[in-house]
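A.B. asks: Handing over input-v3.csv, CSV, C-alpha atoms.
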chain,number,residue,atom,x,y,z
Z,1,MET,CA,139.2,108.0,114.6
Z,2,SER,CA,137.5,111.2,113.6
Z,3,GLU,CA,135.9,112.3,116.9
Z,4,VAL,CA,138.2,113.0,119.8
Z,5,LEU,CA,137.9,114.9,123.1
Z,6,GLY,CA,140.2,118.0,123.3
Z,7,VAL,CA,141.1,119.7,126.6
Z,8,ASP,CA,142.7,123.1,126.8
Z,9,ILE,CA,144.3,123.8,130.2
Z,10,GLY,CA,144.8,127.5,130.7
Z,11,GLY,CA,146.0,129.7,133.6
Z,12,THR,CA,142.4,130.9,134.2
Z,13,GLY,CA,140.1,128.3,132.8
Z,14,ILE,CA,140.1,124.7,131.6
Z,15,LYS,CA,137.9,124.0,128.5
Z,16,ALA,CA,137.0,120.9,126.7
Z,17,ALA,CA,134.7,119.6,124.0
Z,18,PRO,CA,134.5,116.6,121.6
Z,19,VAL,CA,135.9,117.6,118.1
Z,20,ASP,CA,135.1,116.5,114.6
Z,21,LEU,CA,138.6,116.1,113.2
Z,22,GLU,CA,137.4,116.1,109.6
Z,23,SER,CA,136.0,119.7,109.9
Z,24,GLY,CA,137.8,121.0,113.0
Z,25,THR,CA,134.5,121.9,114.6
Z,26,LEU,CA,133.2,121.2,118.1
Z,27,LEU,CA,130.5,118.6,118.2
Z,28,THR,CA,128.8,120.1,121.3
Z,29,LYS,CA,129.0,123.3,123.3
Z,30,ARG,CA,132.3,123.4,125.1
Z,31,LYS,CA,132.5,123.1,128.9
Z,32,ARG,CA,134.6,125.5,130.9
Z,33,ILE,CA,135.7,125.2,134.5
Z,34,HIS,CA,137.9,127.7,136.4
Z,35,THR,CA,141.5,126.6,136.8
Z,36,PRO,CA,141.9,125.6,140.5
Z,37,LYS,CA,144.1,127.7,142.8
Z,38,PRO,CA,146.8,126.5,143.4
Z,39,ALA,CA,146.9,124.8,140.0
Z,40,THR,CA,148.7,121.7,141.1
Z,41,PRO,CA,148.8,118.6,138.9
Z,42,ASP,CA,146.3,116.7,141.2
Z,43,ALA,CA,143.9,119.7,141.3
Z,44,VAL,CA,144.0,120.1,137.5
Z,45,LEU,CA,143.7,116.4,136.9
Z,46,SER,CA,140.5,116.4,139.0
Z,47,VAL,CA,139.0,119.1,136.7
Z,48,VAL,CA,140.0,117.1,133.6
Z,49,LYS,CA,138.3,114.0,135.1
Z,50,GLU,CA,135.2,116.1,135.7
Z,51,LEU,CA,135.2,117.3,132.0
Z,52,VAL,CA,135.7,113.8,130.7
Z,53,ASP,CA,132.8,112.6,132.8
Z,54,HIS,CA,130.7,115.6,131.7
Z,55,PHE,CA,130.9,114.4,128.1
Z,56,SER,CA,130.6,110.7,129.1
Z,57,TRP,CA,133.8,110.3,127.0
Z,58,ASP,CA,135.3,106.8,126.8
Z,59,GLY,CA,137.9,107.3,124.1
Z,60,PRO,CA,141.4,108.9,123.9
Z,61,VAL,CA,142.0,112.5,125.0
Z,62,GLY,CA,144.3,115.2,123.7
Z,63,ILE,CA,145.4,117.9,126.2
Z,64,GLY,CA,147.1,121.3,125.8
Z,65,VAL,CA,149.0,122.8,128.7
Z,66,PRO,CA,150.7,126.2,129.2
Z,67,ALA,CA,154.1,124.7,129.5
Z,68,VAL,CA,157.1,123.2,127.6
Z,69,VAL,CA,156.2,119.6,127.1
Z,70,ARG,CA,158.8,116.9,126.0
Z,71,ARG,CA,157.5,113.4,125.5
Z,72,GLY,CA,154.7,114.0,128.1
Z,73,GLU,CA,157.0,115.5,130.8
Z,74,ILE,CA,156.3,119.1,131.9
Z,75,LEU,CA,159.5,121.2,131.9
Z,76,THR,CA,158.2,124.7,132.8
Z,77,ALA,CA,155.2,126.1,134.7
Z,78,ALA,CA,155.0,129.9,134.4
Z,79,ASN,CA,151.2,129.9,134.8
Z,80,LEU,CA,150.7,126.7,136.7
Z,81,ASP,CA,151.9,125.6,140.1
Z,82,LYS,CA,155.7,124.9,140.2
Z,83,SER,CA,155.0,121.3,141.2
Z,84,TRP,CA,154.3,120.6,137.5
Z,85,ILE,CA,158.0,120.9,136.7
Z,86,GLY,CA,159.4,117.4,136.1
Z,87,TYR,CA,155.9,115.9,136.3
Z,88,ASP,CA,155.2,113.1,133.7
Z,89,ALA,CA,151.8,114.4,132.8
Z,90,GLY,CA,151.4,112.0,129.9
Z,91,ALA,CA,151.8,108.9,132.0
Z,92,GLU,CA,150.1,110.2,135.1
Z,93,PHE,CA,147.0,111.5,133.2
Z,94,ALA,CA,146.7,108.3,131.2
Z,95,ALA,CA,146.8,106.2,134.3
Z,96,ALA,CA,144.3,108.4,136.3
Z,97,LEU,CA,141.9,108.7,133.3
Z,98,GLU,CA,142.4,105.0,132.3
Z,99,ARG,CA,142.7,105.9,128.7
Z,100,SER,CA,145.3,106.9,126.1
Z,101,VAL,CA,146.4,110.5,126.4
Z,102,ASP,CA,148.7,112.8,124.5
Z,103,ILE,CA,149.9,116.2,125.8
Z,104,LEU,CA,151.4,119.3,124.1
Z,105,ASN,CA,151.9,123.0,124.6
Z,106,ASP,CA,148.6,124.9,124.5
Z,107,ALA,CA,149.7,127.5,122.0
Z,108,ASP,CA,151.2,124.8,119.8
Z,109,ALA,CA,147.8,123.2,119.9
Z,110,ALA,CA,146.0,126.4,118.9
Z,111,GLY,CA,148.5,126.8,116.1
Z,112,LEU,CA,147.9,123.3,114.8
Z,113,ALA,CA,144.2,124.0,114.5
Z,114,GLU,CA,144.7,127.3,112.7
Z,115,VAL,CA,147.2,125.9,110.3
Z,116,LYS,CA,144.9,122.9,109.5
Z,117,PHE,CA,141.5,124.5,109.6
Z,118,GLY,CA,141.8,128.2,110.2
Z,119,VAL,CA,143.3,131.4,108.8
Z,120,ALA,CA,146.7,129.9,108.2
Z,121,ALA,CA,145.5,126.9,106.3
Z,122,GLY,CA,147.7,126.4,103.2
Z,123,ARG,CA,150.0,129.3,104.1
Z,124,PRO,CA,153.7,128.7,103.2
Z,125,GLY,CA,156.6,130.2,105.0
Z,126,VAL,CA,156.9,131.1,108.7
Z,127,VAL,CA,153.7,131.4,110.5
Z,128,MET,CA,153.6,132.5,114.2
Z,129,MET,CA,150.6,131.8,116.4
Z,130,LEU,CA,150.4,134.0,119.4
Z,131,THR,CA,147.8,133.6,122.1
Z,132,PHE,CA,147.1,136.5,124.5
Z,133,GLY,CA,145.5,135.4,127.7
Z,134,THR,CA,146.8,134.8,131.2
Z,135,GLY,CA,150.2,134.7,129.6
Z,136,ILE,CA,151.4,134.8,126.0
Z,137,GLY,CA,151.8,131.5,124.2
Z,138,SER,CA,153.5,131.0,120.9
Z,139,GLY,CA,153.4,128.4,118.2
Z,140,LEU,CA,155.9,128.5,115.3
Z,141,PHE,CA,155.3,126.8,112.0
Z,142,VAL,CA,157.6,126.5,109.0
Z,143,ASP,CA,155.7,125.5,105.8
Z,144,GLY,CA,153.0,124.0,108.0
Z,145,VAL,CA,155.4,122.0,110.2
Z,146,LEU,CA,155.4,122.8,114.0
Z,147,VAL,CA,158.6,123.8,115.8
Z,148,PRO,CA,157.4,122.9,119.3
Z,149,ASN,CA,157.8,124.7,122.6
Z,150,THR,CA,159.0,128.1,121.6
Z,151,GLU,CA,157.3,129.9,124.5
Z,152,LEU,CA,158.1,133.3,123.2
Z,153,GLY,CA,155.9,135.0,125.9
Z,154,HIS,CA,159.0,134.8,128.0
Z,155,LEU,CA,161.3,136.9,125.8
Z,156,GLU,CA,162.7,139.9,127.7
Z,157,LEU,CA,160.9,143.1,126.9
Z,158,ASP,CA,162.0,146.4,128.5
Z,159,GLY,CA,163.7,144.4,131.2
Z,160,HIS,CA,160.6,142.3,132.0
Z,161,ASP,CA,159.3,138.9,131.0
Z,162,ALA,CA,157.2,139.9,128.0
Z,163,GLU,CA,154.0,138.3,129.1
Z,164,LYS,CA,154.1,140.3,132.3
Z,165,LYS,CA,153.8,143.5,130.2
Z,166,ALA,CA,151.7,142.4,127.2
Z,167,ALA,CA,149.5,139.5,128.1
Z,168,ALA,CA,145.8,140.1,128.2
Z,169,SER,CA,145.9,139.7,131.9
Z,170,ALA,CA,148.3,142.7,132.1
Z,171,ARG,CA,145.6,145.0,130.7
Z,172,LYS,CA,143.3,144.3,133.6
Z,173,ARG,CA,146.0,144.1,136.2
Z,174,ASP,CA,147.5,147.5,135.2
Z,175,ASP,CA,144.1,149.1,134.5
Z,176,LEU,CA,145.1,149.9,130.9
Z,177,SER,CA,142.8,151.2,128.2
Z,178,TRP,CA,142.7,149.1,125.1
Z,179,ASP,CA,144.8,151.6,123.2
Z,180,GLU,CA,147.5,151.6,126.0
Z,181,TRP,CA,147.5,147.8,126.0
Z,182,GLY,CA,147.7,147.8,122.2
Z,183,GLU,CA,150.9,149.9,122.4
Z,184,ARG,CA,152.5,147.2,124.6
Z,185,VAL,CA,151.4,144.5,122.1
Z,186,ASP,CA,152.9,146.5,119.3
Z,187,ALA,CA,156.3,146.7,121.1
Z,188,TYR,CA,156.2,143.0,121.8
Z,189,LEU,CA,155.3,142.1,118.2
Z,190,ARG,CA,158.1,144.4,116.9
Z,191,HIS,CA,160.5,142.4,119.0
Z,192,VAL,CA,159.3,139.0,117.8
Z,193,GLU,CA,159.2,140.3,114.2
Z,194,ALA,CA,162.9,141.4,114.4
Z,195,LEU,CA,163.9,138.0,115.7
Z,196,PHE,CA,161.9,135.7,113.4
Z,197,SER,CA,160.8,137.7,110.3
Z,198,PRO,CA,157.6,135.7,110.0
Z,199,ASP,CA,155.3,135.8,107.0
Z,200,LEU,CA,152.1,135.9,109.2
Z,201,PHE,CA,151.1,136.5,112.8
Z,202,VAL,CA,147.9,134.8,113.9
Z,203,ILE,CA,146.5,136.3,117.1
Z,204,GLY,CA,144.5,133.9,119.4
Z,205,GLY,CA,143.3,133.8,122.9
Z,206,GLY,CA,140.6,136.0,124.4
Z,207,ALA,CA,142.1,139.1,122.8
Z,208,SER,CA,141.4,137.7,119.3
Z,209,LYS,CA,137.7,138.4,119.8
Z,210,ARG,CA,138.3,142.1,120.5
Z,211,THR,CA,140.8,143.1,117.8
Z,212,GLU,CA,138.7,146.1,116.8
Z,213,LYS,CA,139.6,147.7,120.2
Z,214,TRP,CA,143.4,147.4,120.0
Z,215,LEU,CA,144.8,146.2,116.7
Z,216,ASP,CA,144.9,149.7,115.2
Z,217,GLN,CA,147.7,150.4,117.7
Z,218,VAL,CA,149.9,147.8,116.0
Z,219,ASP,CA,152.1,149.0,113.2
Z,220,ILE,CA,154.4,146.3,112.0
Z,221,GLU,CA,155.6,145.0,108.6
Z,222,THR,CA,154.3,141.4,109.0
Z,223,GLU,CA,150.7,140.6,108.1
Z,224,ILE,CA,148.6,140.1,111.2
Z,225,VAL,CA,145.2,138.4,111.4
Z,226,ALA,CA,142.9,137.2,114.2
Z,227,ALA,CA,142.5,133.5,114.7
Z,228,SER,CA,139.3,132.4,112.9
Z,229,MET,CA,138.7,129.7,115.5
Z,230,GLU,CA,139.1,132.2,118.4
Z,231,ASN,CA,139.2,130.4,121.8
Z,232,ASN,CA,138.3,127.0,120.4
Z,233,ALA,CA,141.6,126.6,118.6
Z,234,GLY,CA,143.3,125.1,121.6
Z,235,ILE,CA,140.6,122.5,122.1
Z,236,VAL,CA,140.7,121.5,118.4
Z,237,GLY,CA,144.5,121.4,118.3
Z,238,ALA,CA,144.7,119.3,121.4
Z,239,ALA,CA,142.2,116.8,119.9
Z,240,MET,CA,144.3,116.6,116.8
Z,241,ILE,CA,147.2,115.0,118.7
Z,242,ALA,CA,145.3,112.5,120.7
Z,243,PRO,CA,146.3,108.9,120.3
Z,244,GLY,CA,144.5,107.3,117.3
Z,245,ALA,CA,143.3,110.7,115.9
Z,246,GLU,CA,143.2,111.0,112.2
Z,247,LYS,CA,146.3,113.0,111.2
Starting from the file, give its structure as structure tokens.
C.D. replies:
Amino acid sequence: MSEVLGVDIGGTGIKAAPVDLESGTLLTKRKRIHTPKPATPDAVLSVVKELVDHFSWDGPVGIGVPAVVRRGEILTAANLDKSWIGYDAGAEFAAALERSVDILNDADAAGLAEVKFGVAAGRPGVVMMLTFGTGIGSGLFVDGVLVPNTELGHLELDGHDAEKKAAASARKRDDLSWDEWGERVDAYLRHVEALFSPDLFVIGGGASKRTEKWLDQVDIETEIVAASMENNAGIVGAAMIAPGAEK
């Protein structure tokens, strides 16, 4: 199967589009709906159903969520309602949507897309995908192989959960200039660099579209590049893991 619907669930928005898995491109314009508040499983599932209906999709679906996912079960919920913890999203979504569903961490999904089709394609060594949005997501790859569920946005930084200081949402919340926010990102990246010594950082999420405003504040040893697929990476990566998708 070379065409699959990918769904990217974020703390602020839920996006979806059918994906051509041979090229990693969206087959149509993506559809985005605001993440419901509170973002309970039932409320989010209702939005996913709406997206599936919007595209008149009758095949399998791949879904990325901002959480640790183990065999379809959600183990954390930093940017979703706490009722997700312990929720068997794989089974519940498949039953409600009446189709095959696979689920993975959203930053892992974005990383899969960039490693297969984007700026990290063919790169050996340790590649770290970091998505800056409502929170900070991370995807760790060693010679192209995913090490799932790293969730490095929750490292401690200056006595705080790192994403509370350096996520894209923190810039708006704390009324920071781009330079001020870039300094926080620099501190965060230095911390991750010291722990993992990666060969490449790939920056995704909404901040990847505005790197000219803040990236000059980052001074690290590791090569750092913006995700070439920008905010579509999560959709593409989610589609890549759907049941029956061409691997």
A.B. asks: Please indicate the distance in Å from atom CA of Z:His154 to atom CA of Z:Tyr188, rounded to one decimal place.
C.D. replies: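 That distance, rounded to one decimal, is 10.7 Å.
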A.B. asks: For Z:Glu212, list every protein, DNA or RNA residue within 12 Å, evaluated using all atoms listed in the file, and leave out those in the same chain fewer than 5 positions away; present the list as a ChimeraX atom specification.
C.D. replies: /Z:178-179,182,207,217-218,225-226
A.B. asks: Between Z:Glu221, Z:Asp143, Z:Asp199, Z:Asp20, which residue has the minimum interatomic distance to Z:Gly237, considering all atoms listed in the file?
C.D. replies: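 Answer, going by the shortest atom-to-atom distance: Z:Asp20.
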A.B. asks: Please tabulate, as a tab-separated table, the residues of stretch 142-217 of chain Z that come within 12 Å of stretch 1-18 of chain Z, each with its closest pair of atoms and the distance in Å to one decimal, counting only C-alpha atoms and ordering rows by chain, then residue number upward.
C.D. replies:
residue	atom	partner	partner_atom	distance
Z:Ala167	CA	Z:Gly11	CA	11.8
Z:Ala168	CA	Z:Thr12	CA	11.5
Z:Ser169	CA	Z:Thr12	CA	9.7
Z:Gly205	CA	Z:Gly10	CA	10.1
Z:Gly206	CA	Z:Thr12	CA	11.2
A.B. asks: What is the atom CA of Z:Pro66 to atom CA of Z:Asp106 distance in Å?
C.D. replies: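 These two atoms are separated by 5.3 Å.
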